[in-house]
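Novice: Handing over work37.txt, compact mmCIF, C-alpha atoms.
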# COMPACT_ATOMS: atom_id res chain seq x y z
CA MET A 9 -10.46 -29.38 9.45
CA VAL A 10 -7.36 -27.39 10.15
CA ALA A 11 -5.55 -28.61 13.24
CA THR A 12 -5.40 -26.39 16.30
CA ALA A 13 -1.60 -26.54 16.30
CA LEU A 14 -1.50 -25.26 12.73
CA LEU A 15 -3.84 -22.39 13.56
CA LEU A 16 -1.65 -21.52 16.51
CA LYS A 17 1.39 -21.31 14.22
CA VAL A 18 -0.53 -19.02 11.88
CA VAL A 19 -1.52 -16.76 14.78
CA VAL A 20 2.07 -16.65 16.03
CA ALA A 21 3.47 -15.92 12.55
CA SER A 22 1.04 -13.08 11.82
CA SER A 23 1.22 -11.52 15.29
CA THR A 24 5.01 -11.67 15.47
CA SER A 25 5.28 -10.11 12.01
CA VAL A 26 3.05 -7.21 13.02
CA ALA A 27 4.77 -6.89 16.40
CA ARG A 28 8.17 -6.79 14.68
CA VAL A 29 7.01 -3.95 12.46
CA MET A 30 5.71 -1.99 15.44
CA MET A 31 8.88 -2.53 17.46
CA VAL A 32 11.11 -1.29 14.63
CA GLY A 33 8.72 1.62 14.08
CA CYS A 34 9.22 2.65 17.72
CA ALA A 35 12.75 3.72 16.78
CA GLY A 36 11.24 6.18 14.32
CA VAL A 37 8.83 7.44 16.99
CA LEU A 38 11.74 8.10 19.36
CA LEU A 39 13.76 9.87 16.67
CA SER A 40 10.76 12.02 15.79
CA ARG A 41 10.15 12.95 19.44
CA ARG A 42 13.78 14.07 19.70
CA SER A 43 13.39 16.20 16.53
CA ILE A 44 15.99 14.13 14.69
CA LEU A 45 13.57 12.62 12.17
CA ASP A 46 11.66 15.80 11.30
CA GLY A 47 9.79 16.50 8.08
CA ALA A 48 12.88 17.41 6.06
CA ALA A 49 14.77 14.37 7.34
CA ARG A 50 11.87 12.01 6.56
CA ARG A 51 11.72 13.36 3.05
CA LYS A 52 15.45 12.78 2.56
CA VAL A 53 15.13 9.24 3.89
CA ALA A 54 12.19 8.63 1.53
CA GLU A 55 14.31 9.86 -1.38
CA LEU A 56 17.15 7.57 -0.27
CA SER A 57 14.72 4.63 -0.36
CA THR A 58 13.33 5.71 -3.73
CA TYR A 59 16.63 6.24 -5.54
CA CYS A 60 18.81 3.55 -3.93
CA LEU A 61 17.32 1.01 -1.53
CA LEU A 62 14.05 0.07 -3.27
CA PRO A 63 15.59 -0.23 -6.78
CA ALA A 64 18.25 -2.58 -5.35
CA LEU A 65 15.60 -4.61 -3.51
CA LEU A 66 13.38 -5.00 -6.57
CA PHE A 67 16.35 -5.73 -8.86
CA TRP A 68 17.46 -8.53 -6.54
CA GLN A 69 14.01 -10.04 -5.90
CA VAL A 70 12.62 -9.79 -9.43
CA SER A 71 15.74 -11.21 -11.07
CA ALA A 72 15.65 -14.15 -8.63
CA ALA A 73 11.93 -14.75 -9.21
CA VAL A 74 12.14 -14.63 -13.01
CA ALA A 75 15.25 -16.84 -13.07
CA ARG A 76 13.50 -19.34 -10.79
CA ALA A 77 10.44 -19.39 -13.05
CA GLY A 78 12.54 -20.24 -16.11
CA PRO A 79 10.55 -21.99 -18.84
CA ARG A 80 7.46 -22.06 -16.57
CA ILE A 81 7.12 -18.27 -16.83
CA ALA A 82 3.86 -18.61 -18.80
CA HIS A 83 2.38 -20.62 -15.91
CA TRP A 84 3.29 -17.78 -13.52
CA LEU A 85 1.58 -15.01 -15.52
CA ILE A 86 -1.60 -15.41 -13.46
CA LEU A 87 0.28 -13.72 -10.58
CA PRO A 88 0.69 -10.33 -12.34
CA CYS A 89 -2.95 -10.57 -13.44
CA TYR A 90 -3.98 -11.01 -9.81
CA ALA A 91 -1.83 -8.04 -8.78
CA VAL A 92 -3.75 -5.85 -11.24
CA LEU A 93 -7.06 -7.41 -10.10
CA HIS A 94 -6.42 -6.69 -6.41
CA CYS A 95 -5.37 -3.12 -7.18
CA ALA A 96 -8.39 -2.48 -9.41
CA LEU A 97 -10.83 -3.97 -6.89
CA GLY A 98 -9.44 -1.88 -4.05
CA LEU A 99 -9.49 1.34 -6.06
CA ALA A 100 -13.01 0.76 -7.40
CA LEU A 101 -14.50 -0.15 -4.02
CA ALA A 102 -12.76 2.74 -2.22
CA LYS A 103 -13.93 5.16 -4.92
CA CYS A 104 -17.51 3.95 -4.46
CA ALA A 105 -17.24 4.32 -0.67
CA CYS A 106 -15.94 7.90 -1.01
CA ARG A 107 -18.73 8.83 -3.42
CA CYS A 108 -21.36 7.31 -1.12
CA ARG A 109 -19.95 9.34 1.79
CA ARG A 110 -20.13 12.55 -0.25
CA TRP A 111 -23.69 11.78 -1.36
CA CYS A 112 -24.84 10.98 2.20
CA ARG A 113 -23.27 14.16 3.53
CA GLY A 114 -24.99 16.19 0.81
CA GLU A 115 -28.33 14.54 1.60
CA ARG A 116 -28.01 15.31 5.30
CA GLU A 117 -27.20 18.95 4.57
CA ARG A 118 -30.13 19.17 2.12
CA ARG A 119 -32.62 17.75 4.64
CA ASP A 120 -31.27 19.74 7.57
CA PRO A 121 -29.92 23.13 6.42
CA THR A 122 -28.79 23.89 9.97
CA LEU A 123 -25.90 21.50 9.39
CA ARG A 124 -24.42 24.10 7.07
CA PRO A 125 -22.61 26.78 9.07
CA VAL A 126 -23.87 29.57 6.82
CA PHE A 127 -24.61 32.10 9.56
CA SER A 128 -22.02 30.91 12.08
CA PRO A 129 -19.94 33.68 13.61
CA MET A 130 -16.44 33.93 12.20
CA THR A 131 -13.21 35.10 13.68
CA SER A 132 -11.10 37.66 11.91
CA ALA A 133 -8.85 34.88 10.63
CA ASP A 134 -11.87 33.01 9.25
CA LEU A 135 -13.10 36.22 7.66
CA ASP A 136 -9.76 36.75 5.97
CA ASP A 137 -9.84 33.22 4.63
CA GLU A 138 -13.44 33.64 3.49
CA GLU A 139 -12.60 36.89 1.70
CA LEU A 140 -9.78 35.14 -0.07
CA GLY A 141 -12.08 32.26 -0.96
CA GLU A 142 -9.77 29.74 0.70
CA THR A 143 -11.90 28.07 3.37
CA ASP A 144 -14.04 25.85 1.16
CA ALA A 145 -11.12 25.03 -1.08
CA ALA A 146 -9.02 23.94 1.87
CA ASP A 147 -11.85 21.73 3.16
CA ASP A 148 -12.30 20.18 -0.28
CA GLY A 149 -8.57 19.62 -0.60
CA GLY A 150 -8.43 17.95 2.84
CA ASP A 151 -11.31 15.63 1.92
CA ALA A 152 -9.61 14.77 -1.38
CA LEU A 153 -6.38 13.95 0.44
CA LEU A 154 -8.16 11.71 2.96
CA GLU A 155 -9.94 9.93 0.13
CA ALA A 156 -6.61 9.43 -1.65
CA VAL A 157 -5.26 7.82 1.54
CA VAL A 158 -8.26 5.45 1.69
CA MET A 159 -7.85 4.47 -1.96
CA MET A 160 -4.12 3.81 -1.51
CA THR A 161 -4.61 1.61 1.53
CA ALA A 162 -7.51 -0.29 -0.05
CA ALA A 163 -5.67 -0.97 -3.31
CA PHE A 164 -2.16 -1.92 -2.21
CA PRO A 165 -1.58 -4.66 0.40
CA ASN A 166 1.67 -5.61 2.10
CA SER A 167 2.73 -7.96 -0.68
CA GLY A 168 6.21 -8.90 0.49
CA GLY A 169 7.30 -9.05 4.12
CA LEU A 170 4.09 -10.31 5.72
CA PRO A 171 3.20 -12.99 3.11
CA LEU A 172 6.80 -14.27 3.16
CA ALA A 173 6.67 -14.63 6.96
CA LEU A 174 3.33 -16.45 6.74
CA VAL A 175 4.35 -18.92 4.01
CA ASP A 176 7.57 -19.63 5.92
CA ALA A 177 5.50 -20.58 8.98
CA LEU A 178 3.04 -22.63 6.92
CA CYS A 179 5.74 -24.56 5.05
CA ALA A 180 7.40 -25.43 8.37
CA SER A 181 4.13 -26.89 9.71
CA SER A 182 2.02 -29.91 8.89
CA ALA A 183 0.43 -27.96 6.03
CA ARG A 184 3.49 -28.62 3.89
CA SER A 185 2.10 -32.09 3.17
CA PHE A 186 -0.52 -30.64 0.82
CA LEU A 187 1.42 -27.49 -0.19
CA GLY A 188 4.11 -29.24 -2.19
CA GLY A 189 6.16 -31.09 0.41
CA ASP A 190 9.87 -30.28 0.33
CA GLU A 191 9.34 -27.78 -2.51
CA CYS A 192 6.76 -25.80 -0.52
CA LEU A 193 9.00 -22.94 0.64
CA ALA A 194 10.89 -22.52 -2.65
CA ALA A 195 7.67 -22.50 -4.67
CA THR A 196 5.74 -20.07 -2.44
CA VAL A 197 8.69 -17.66 -2.10
CA GLY A 198 9.08 -17.65 -5.87
CA TYR A 199 5.40 -16.94 -6.41
CA VAL A 200 5.39 -14.12 -3.84
CA SER A 201 8.50 -12.53 -5.36
CA PHE A 202 7.01 -12.65 -8.85
CA TYR A 203 3.79 -11.07 -7.56
CA ILE A 204 5.80 -8.21 -6.03
CA SER A 205 7.54 -7.61 -9.37
CA VAL A 206 4.26 -6.23 -10.74
CA MET A 207 2.56 -4.87 -7.61
CA ASN A 208 5.43 -2.56 -6.65
CA PRO A 209 5.76 -0.82 -10.04
CA LEU A 210 1.97 -0.56 -10.06
CA GLN A 211 2.17 1.38 -6.80
CA TRP A 212 4.61 3.83 -8.35
CA ALA A 213 2.30 4.32 -11.32
CA VAL A 214 -0.86 4.94 -9.27
CA CYS A 215 -0.07 6.41 -5.84
CA PRO A 216 1.66 9.65 -6.95
CA ARG A 217 -1.31 10.43 -9.18
CA LEU A 218 -3.74 9.87 -6.32
CA LEU A 219 -1.80 12.26 -4.07
CA ALA A 220 -1.55 14.91 -6.80
CA THR A 221 -5.23 15.75 -6.17
CA ASP A 222 -5.69 19.43 -5.38
CA ALA A 223 -8.63 21.48 -4.19
CA PRO A 224 -10.72 23.19 -6.85
CA ALA A 225 -10.17 26.89 -7.36
CA PRO A 226 -12.63 29.09 -5.38
CA ALA A 227 -15.33 30.96 -7.26
CA PRO A 228 -14.46 34.66 -7.82
CA ALA A 229 -16.46 37.40 -6.16
CA LYS A 230 -19.11 39.29 -8.15
CA ASP A 231 -17.22 42.54 -8.69
CA ALA A 232 -13.72 41.10 -8.55
CA PRO A 233 -11.40 41.93 -11.45
CA PRO A 234 -10.42 39.02 -13.68
CA SER A 235 -7.58 37.10 -12.08
CA PRO A 236 -4.69 35.49 -13.91
CA PRO A 237 -4.81 31.73 -14.48
CA PRO A 238 -3.98 29.91 -11.25
CA SER A 239 -0.56 28.37 -11.06
CA VAL A 240 -0.29 24.64 -10.56
CA PRO A 241 0.49 23.91 -6.89
CA ARG A 242 3.98 22.70 -6.13
CA ARG A 243 2.81 19.29 -4.87
CA ALA A 244 0.91 18.61 -8.10
CA ARG A 245 3.82 19.83 -10.26
CA ARG A 246 6.22 17.54 -8.42
CA ALA A 247 3.92 14.52 -8.67
CA ARG A 248 3.17 15.07 -12.36
CA ARG A 249 6.82 15.57 -13.19
CA ARG A 250 7.76 12.31 -11.47
CA CYS A 251 4.77 10.47 -12.97
CA SER A 252 5.84 11.43 -16.48
CA LYS A 253 8.69 8.89 -16.45
CA PRO A 254 9.23 5.54 -14.70
CA ALA A 255 10.44 5.84 -11.11
CA PRO A 256 13.78 4.28 -10.11
CA PRO A 257 12.09 1.28 -8.39
CA VAL A 258 10.28 0.54 -11.66
CA TRP A 259 13.59 0.57 -13.51
CA GLY A 260 15.01 -1.77 -10.87
CA ALA A 261 12.14 -4.21 -11.49
CA ILE A 262 12.53 -3.95 -15.28
CA LEU A 263 16.29 -4.54 -15.21
CA GLY A 264 15.85 -7.43 -12.76
CA GLY A 265 13.25 -9.01 -15.04
CA VAL A 266 15.51 -8.68 -18.10
CA LEU A 267 18.49 -10.15 -16.23
CA GLY A 268 16.46 -13.05 -14.86
CA ALA A 269 14.94 -13.82 -18.26
CA VAL A 270 18.35 -14.41 -19.90
CA PRO A 271 19.37 -18.01 -19.08
CA GLY A 272 22.45 -18.09 -16.88
CA ALA A 273 22.89 -14.30 -16.83
CA ARG A 274 21.88 -13.83 -13.20
CA ASP A 275 24.11 -16.63 -11.94
CA ALA A 276 27.03 -15.21 -13.91
CA LEU A 277 26.56 -11.63 -12.68
CA LEU A 278 25.15 -11.99 -9.16
CA GLY A 279 26.13 -15.57 -8.36
CA PRO A 280 24.07 -18.75 -8.01
CA PRO A 281 21.50 -19.13 -5.20
CA GLY A 282 23.20 -19.31 -1.82
CA ARG A 283 26.61 -18.21 -3.17
CA ALA A 284 26.39 -14.55 -4.16
CA SER A 285 29.26 -12.96 -6.09
CA VAL A 286 30.97 -9.77 -4.94
CA LEU A 287 28.48 -7.65 -6.93
CA GLY A 288 25.57 -9.83 -5.82
CA GLY A 289 26.62 -9.53 -2.18
CA ALA A 290 26.80 -5.73 -2.49
CA VAL A 291 23.33 -5.54 -4.08
CA GLN A 292 21.90 -7.86 -1.44
CA LEU A 293 23.48 -5.81 1.36
CA VAL A 294 21.96 -2.56 0.04
CA SER A 295 18.57 -4.16 -0.57
CA SER A 296 18.43 -5.60 2.96
CA ALA A 297 18.28 -2.07 4.37
CA ALA A 298 15.14 -1.08 2.41
CA VAL A 299 12.55 -2.62 4.75
CA PRO A 300 13.96 -1.52 8.16
CA VAL A 301 14.70 2.01 6.92
CA GLY A 302 11.16 2.27 5.57
CA ILE A 303 9.64 1.07 8.85
CA ILE A 304 11.72 3.53 10.92
CA ASN A 305 10.64 6.36 8.64
CA LEU A 306 7.03 5.16 8.97
CA GLY A 307 7.27 5.38 12.76
CA GLY A 308 8.58 8.92 12.47
CA SER A 309 5.64 9.89 10.28
CA VAL A 310 3.08 8.42 12.70
CA ALA A 311 4.58 10.43 15.59
CA SER A 312 5.13 13.64 13.61
CA LYS A 313 3.24 16.89 14.00
CA VAL A 314 2.64 17.11 10.26
CA GLY A 315 -1.04 16.70 9.53
CA ARG A 316 -2.22 18.61 12.59
CA SER A 317 -4.64 21.48 12.24
CA GLU A 318 -3.54 25.05 12.90
CA ARG A 319 -5.39 24.94 16.24
CA GLY A 320 -3.13 22.14 17.47
CA GLY A 321 -5.39 19.10 17.09
CA ASP A 322 -4.95 16.12 14.82
CA VAL A 323 -6.61 16.08 11.43
CA ALA A 324 -9.58 13.80 12.07
CA VAL A 325 -10.02 10.72 9.90
CA PRO A 326 -13.82 10.27 9.64
CA GLY A 327 -15.02 7.01 11.09
CA GLY A 328 -16.78 6.16 7.84
CA LEU A 329 -13.60 6.46 5.79
CA LEU A 330 -11.52 4.57 8.35
CA GLY A 331 -14.10 1.78 8.51
CA ALA A 332 -14.28 1.64 4.71
CA ALA A 333 -10.50 1.29 4.46
CA VAL A 334 -10.42 -1.55 7.00
CA VAL A 335 -13.41 -3.44 5.61
CA ILE A 336 -12.40 -3.14 1.94
CA ARG A 337 -8.75 -4.02 2.52
CA LEU A 338 -9.22 -6.89 5.00
CA LEU A 339 -12.63 -8.36 4.12
CA VAL A 340 -14.17 -7.42 0.77
CA VAL A 341 -11.15 -7.71 -1.54
CA PRO A 342 -10.05 -11.07 0.01
CA CYS A 343 -13.60 -12.41 -0.31
CA LEU A 344 -13.82 -11.54 -4.01
CA SER A 345 -10.28 -12.79 -4.70
CA CYS A 346 -10.94 -16.10 -2.95
CA ALA A 347 -14.15 -16.61 -4.93
CA ALA A 348 -12.34 -15.88 -8.21
CA THR A 349 -9.52 -18.30 -7.35
CA VAL A 350 -11.88 -21.12 -6.43
CA ALA A 351 -13.84 -20.57 -9.64
CA LEU A 352 -10.68 -20.62 -11.78
CA ARG A 353 -9.45 -23.75 -10.02
CA LEU A 354 -12.72 -25.52 -10.76
CA PHE A 355 -13.57 -24.25 -14.24
CA ALA A 356 -10.18 -23.22 -15.69
CA PRO A 357 -7.63 -25.77 -14.43
CA ALA A 358 -5.16 -24.70 -17.13
CA VAL A 359 -4.94 -21.25 -15.51
CA VAL A 360 -4.91 -22.33 -11.85
CA PRO A 361 -3.92 -26.01 -11.76
CA PRO A 362 -5.65 -27.89 -8.92
CA GLY A 363 -2.41 -29.79 -8.33
CA ASP A 364 -0.43 -26.63 -7.52
CA ALA A 365 -1.68 -25.88 -4.03
CA ALA A 366 1.20 -23.45 -3.38
CA LEU A 367 0.10 -21.22 -6.28
CA THR A 368 -3.53 -21.31 -5.11
CA LEU A 369 -2.48 -20.36 -1.59
CA VAL A 370 -0.36 -17.40 -2.76
CA LEU A 371 -3.10 -16.10 -5.08
CA MET A 372 -5.58 -16.00 -2.19
CA LEU A 373 -3.08 -14.98 0.50
CA GLU A 374 -1.85 -11.89 -1.37
CA SER A 375 -5.30 -10.31 -1.11
CA THR A 376 -5.50 -10.54 2.69
CA PRO A 377 -2.62 -8.48 4.25
CA PRO A 378 -3.03 -4.96 5.65
CA PRO A 379 -1.86 -2.00 3.50
CA ALA A 380 1.69 -1.72 2.23
CA MET A 381 3.99 0.30 4.46
CA GLN A 382 5.49 1.77 1.30
CA CYS A 383 2.37 3.95 1.02
CA MET A 384 4.01 6.20 3.61
CA ILE A 385 6.93 6.86 1.24
CA PHE A 386 4.54 8.35 -1.29
CA CYS A 387 3.08 10.65 1.36
CA GLN A 388 6.58 11.72 2.44
CA LEU A 389 7.50 12.51 -1.16
CA PHE A 390 4.31 14.03 -2.52
CA ALA A 391 1.93 15.04 0.32
CA GLN A 392 3.34 15.27 3.84
CA ASP A 393 -0.05 16.53 5.10
CA ALA A 394 -1.30 12.96 4.62
CA GLU A 395 1.31 11.33 6.86
CA ARG A 396 -0.64 11.30 10.14
CA PRO A 397 -4.00 10.31 8.58
CA LEU A 398 -2.26 7.46 6.76
CA GLY A 399 -0.51 6.46 9.99
CA LYS A 400 -3.88 6.16 11.76
CA VAL A 401 -5.29 3.99 8.97
CA LEU A 402 -2.19 1.77 9.00
CA VAL A 403 -2.34 1.25 12.77
CA ALA A 404 -6.05 0.37 12.64
CA THR A 405 -5.70 -2.08 9.74
CA TYR A 406 -2.61 -3.81 11.15
CA ILE A 407 -4.29 -4.39 14.51
CA ALA A 408 -7.48 -5.68 12.84
CA SER A 409 -5.43 -7.95 10.57
CA LEU A 410 -4.33 -10.04 13.57
CA VAL A 411 -7.87 -11.46 13.57
CA THR A 412 -8.73 -11.37 9.87
CA LEU A 413 -5.45 -12.91 8.65
CA THR A 414 -5.86 -15.91 10.95
CA ALA A 415 -9.46 -16.44 9.85
CA TRP A 416 -8.64 -16.20 6.14
CA ILE A 417 -5.67 -18.55 6.35
CA ALA A 418 -7.75 -21.08 8.27
CA LEU A 419 -10.33 -20.94 5.46
CA PHE A 420 -7.69 -21.24 2.73
CA LEU A 421 -6.05 -24.26 4.34
CA SER A 422 -9.45 -25.91 4.84
CA LEU A 423 -10.18 -25.52 1.13
CA LEU A 424 -6.75 -26.82 0.07
CA SER A 425 -6.74 -29.78 2.46
CA ALA A 426 -10.16 -30.81 1.17
CA GLY A 427 -8.76 -30.94 -2.34
Written as C-alpha cells, how would this file's structure read?

Specialist:
Amino acid sequence: MVATALLLKVVVASSTSVARVMMVGCAGVLLSRRSILDGAARRKVAELSTYCLLPALLFWQVSAAVARAGPRIAHWLILPCYAVLHCALGLALAKCACRCRRWCRGERERRDPTLRPVFSPMTSADLDDEELGETDAADDGGDALLEAVVMMTAAFPNSGGLPLALVDALCASSARSFLGGDECLAATVGYVSFYISVMNPLQWAVCPRLLATDAPAPAPAKDAPPSPPPSVPRRARRARRRCSKPAPPVWGAILGGVLGAVPGARDALLGPPGRASVLGGAVQLVSSAAVPVGIINLGGSVASKVGRSERGGDVAVPGGLLGAAVVIRLLVVPCLSCAATVALRLFAPAVVPPGDAALTLVLMLESTPPPAMQCMIFCQLFAQDAERPLGKVLVATYIASLVTLTAWIALFLSLLSAG
C-alpha cells in the first residue's frame, strides 16, 4: 500500500501546481478588468507565444530530450505512440459524446414538438435575422464551436508543467526506491520532455482544424433569386492558411530533434547540461517566458467579455458537454491508458520493460492531467468567441483534477510497488 506520507506529498504537489497556475492567471484577470489585456492585446500576445516563445521552448526541451535518449532512442519510441493514442482516444470519445447529445436533443424535439419554438413570438431583430436566414446558422455554428472546445480539452492534456511538478515530488519521496533510485528524476524528466516533443506539434496539427468549423449555409427562400457562392469566413480562411504549413512551434520541435540527434551537436552549440553557452542561455531565457506569459493571457481570456451573447449574458456551456469534457479527460482516457500500459508490461515486456518503472509511470501519468492551457492560444488565434467557454471548461477540469490526480497516482504507485 502507498504510505500516507507519500499520498500527502502527491496532494501537495498537484494542489500547489494548480494553485500556482490560478495565482499567475489572476494577473491576467486584473489586466483584463483594467482593459489593458483586451481582445486585440490577447491576440498579439498569442502571436508572440506562437512565433517566438513556444518555438524556443520546444527547441530547448526537445533537443535536450533527444540528446539524453542517445542510442536508447528506439526504447523511447513508445512515448510518441502514447501521445498519439491519448489524442485519438480523447477525440473519438468526445466526438461520440457530441453525437449522442445531438441525437438525444433531436429525439426530445421529435417526441415533444413544443420544444421547438416554431410559433414563438419574435422581436423585430429576430425577424430580421430570420429573414436573412441567420438564426439557425448562428445556433449551429455556436454548437459546433462548443463541441470543438470539448474535443480539444478531451484530446490534449497538460503534458509538461503539471507532470514535471508531480514527478519532481515523487522522486523526492520514498517512491524513488522503486522508480529508479538516484536516476529517478533524470529519467522521468527525459521521458516527459520526449512525450511533449510529439504532443505539442500534434496540437498544432489538430486544434486549428477543429476551430475552423463554420455553420452551414442557410437554405434559400422559395422565390429568392440565385445567390452567388458564399465566401469562406475569415476565421476559416485564417485557420486553413495556417494549417497548410507547419506552425513555428512545430519547426522548433523539428530543429530541436535534429540537433539532439547529432552526437555532440547540442553540447557544442547550446552547452552541456548545467553549463549553457551564450546562445544556449539566450534560448533558455526566452523559453522560460513561454509558460507564465501563456497563463497570464489565459487569465485575461477567462475574464474577458468575448463569448458573451448580445443580450449581455455568458454563452452557456451545456452541462452535458461540460460533464463529458471532465469525465473523458480525467477518468475515461486515464482508465484506458492504464489498462493498455499494464497489458503491454505483462504481455510485451520488450515494449514496456517491467524493470523500467519510471517509463511505466510516465506513460500512465501523461493521460491523467487536466487540459493543456495552450488550448487557449488556439482560441485567441482562430476563434475568440470560444475563449470564455474554454475558460469555464478549464476551471472545472482543473478543480476536479485535484481529486482525480491524487487517486490515479495512488493507484499507479500501488501497481509499481507491487512489481

Novice: Would you please work out which residue, of A:Ile385, A:Met372, A:Cys60, A:Leu219, is nearest to A:Ala418 when using all atoms listed in the file?

Specialist: A:Met372

Novice: Please measure the separation of atom CA of A:Leu330 and atom CA of A:Val310, giving the value in Å to one decimal.

Specialist: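 Computing the Euclidean distance for atom CA of A:Leu330 and atom CA of A:Val310 yields 15.7 Å.
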
Novice: Quick one: everything within 9 Å of A:Gly98, counting only C-alpha atoms, minus sequence neighbours fewer than 3 positions away in the same chain. Send it as a list in words.

Specialist: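 Listing them by chain and then by number gives Leu93, His94, Cys95, Leu101, Ala102, Lys103, Met159, Met160, Thr161, Ala162, Ala163, Phe164, Ile336, Arg337, Val340 and Val341 of chain A.
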
Novice: Calculate how many Å separate atom CA of A:Arg217 from atom CA of A:Tyr59, rounding to one decimal.

Specialist: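 According to the coordinates, atom CA of A:Arg217 and atom CA of A:Tyr59 are separated by 18.8 Å.
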
Novice: Between atom CA of A:Ser422 and atom CA of A:Ala351, measure the distance and give it in Å to one decimal.

Specialist: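 Here the two named atoms are 16.0 Å from each other.
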
Novice: Using all atoms listed in the file, which of A:Val401, A:Ala261, A:Ala27, A:Ala358 sits nearest A:Gly327?

Specialist: A:Val401

Novice: Contacts of stretch 267-283 of chain A at 8 Å or less, counting only C-alpha atoms, minus same-chain residues fewer than 6 places along, as a PyMOL selection string?

Specialist: chain A and resi 70-75+78+289

Novice: Nearest to A:Ala100 among A:Leu193, A:Ala298, A:Leu61, A:Val158, with distances taken over only C-alpha atoms: which residue is it?

Specialist: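 Result for the nearest residue to A:Ala100: A:Val158.
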
Novice: Axis-aligned box over every listed atom of stretch 327-346 of chain A, padded by 5 Å per side: centre and edges in Å to one decimal, as AutoDock Vina command-line options?

Specialist:
--center_x -12.8 --center_y -4.5 --center_z 3.2 --size_x 18.0 --size_y 33.1 --size_z 25.8

Novice: Rank nothing, just name the residue among A:Cys192, A:Leu45, A:Ala152, A:Leu62 nearest to A:Ser296, using all atoms listed in the file.

Specialist: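 Ranking A:Cys192, A:Leu45, A:Ala152, A:Leu62 by distance to A:Ser296, first place goes to A:Leu62.
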
Novice: Determine, counting only C-alpha atoms, which protein, DNA and RNA residues have an atom within 12 Å of an atom of A:Leu373; residues of the same chain fewer than 6 positions away are not included. Present the result as an MDAnalysis selection string.

Specialist: chainID A and resid 87 90:91 94 165:168 170:175 178 196 199:200 203 338 341:343 345:346 349 365:367 412:421

Novice: Any chance you could export the current selection's C-alpha atoms as a short mmCIF file (atom, residue, chain, number, x, y, z; two decimals), in the frame of the given file?

Specialist:
data_model
loop_
_atom_site.label_atom_id
_atom_site.label_comp_id
_atom_site.auth_asym_id
_atom_site.auth_seq_id
_atom_site.Cartn_x
_atom_site.Cartn_y
_atom_site.Cartn_z
CA LEU A 87 0.28 -13.72 -10.58
CA TYR A 90 -3.98 -11.01 -9.81
CA ALA A 91 -1.83 -8.04 -8.78
CA HIS A 94 -6.42 -6.69 -6.41
CA PRO A 165 -1.58 -4.66 0.40
CA ASN A 166 1.67 -5.61 2.10
CA SER A 167 2.73 -7.96 -0.68
CA GLY A 168 6.21 -8.90 0.49
CA LEU A 170 4.09 -10.31 5.72
CA PRO A 171 3.20 -12.99 3.11
CA LEU A 172 6.80 -14.27 3.16
CA ALA A 173 6.67 -14.63 6.96
CA LEU A 174 3.33 -16.45 6.74
CA VAL A 175 4.35 -18.92 4.01
CA LEU A 178 3.04 -22.63 6.92
CA THR A 196 5.74 -20.07 -2.44
CA TYR A 199 5.40 -16.94 -6.41
CA VAL A 200 5.39 -14.12 -3.84
CA TYR A 203 3.79 -11.07 -7.56
CA LEU A 338 -9.22 -6.89 5.00
CA VAL A 341 -11.15 -7.71 -1.54
CA PRO A 342 -10.05 -11.07 0.01
CA CYS A 343 -13.60 -12.41 -0.31
CA SER A 345 -10.28 -12.79 -4.70
CA CYS A 346 -10.94 -16.10 -2.95
CA THR A 349 -9.52 -18.30 -7.35
CA ALA A 365 -1.68 -25.88 -4.03
CA ALA A 366 1.20 -23.45 -3.38
CA LEU A 367 0.10 -21.22 -6.28
CA THR A 412 -8.73 -11.37 9.87
CA LEU A 413 -5.45 -12.91 8.65
CA THR A 414 -5.86 -15.91 10.95
CA ALA A 415 -9.46 -16.44 9.85
CA TRP A 416 -8.64 -16.20 6.14
CA ILE A 417 -5.67 -18.55 6.35
CA ALA A 418 -7.75 -21.08 8.27
CA LEU A 419 -10.33 -20.94 5.46
CA PHE A 420 -7.69 -21.24 2.73
CA LEU A 421 -6.05 -24.26 4.34
#
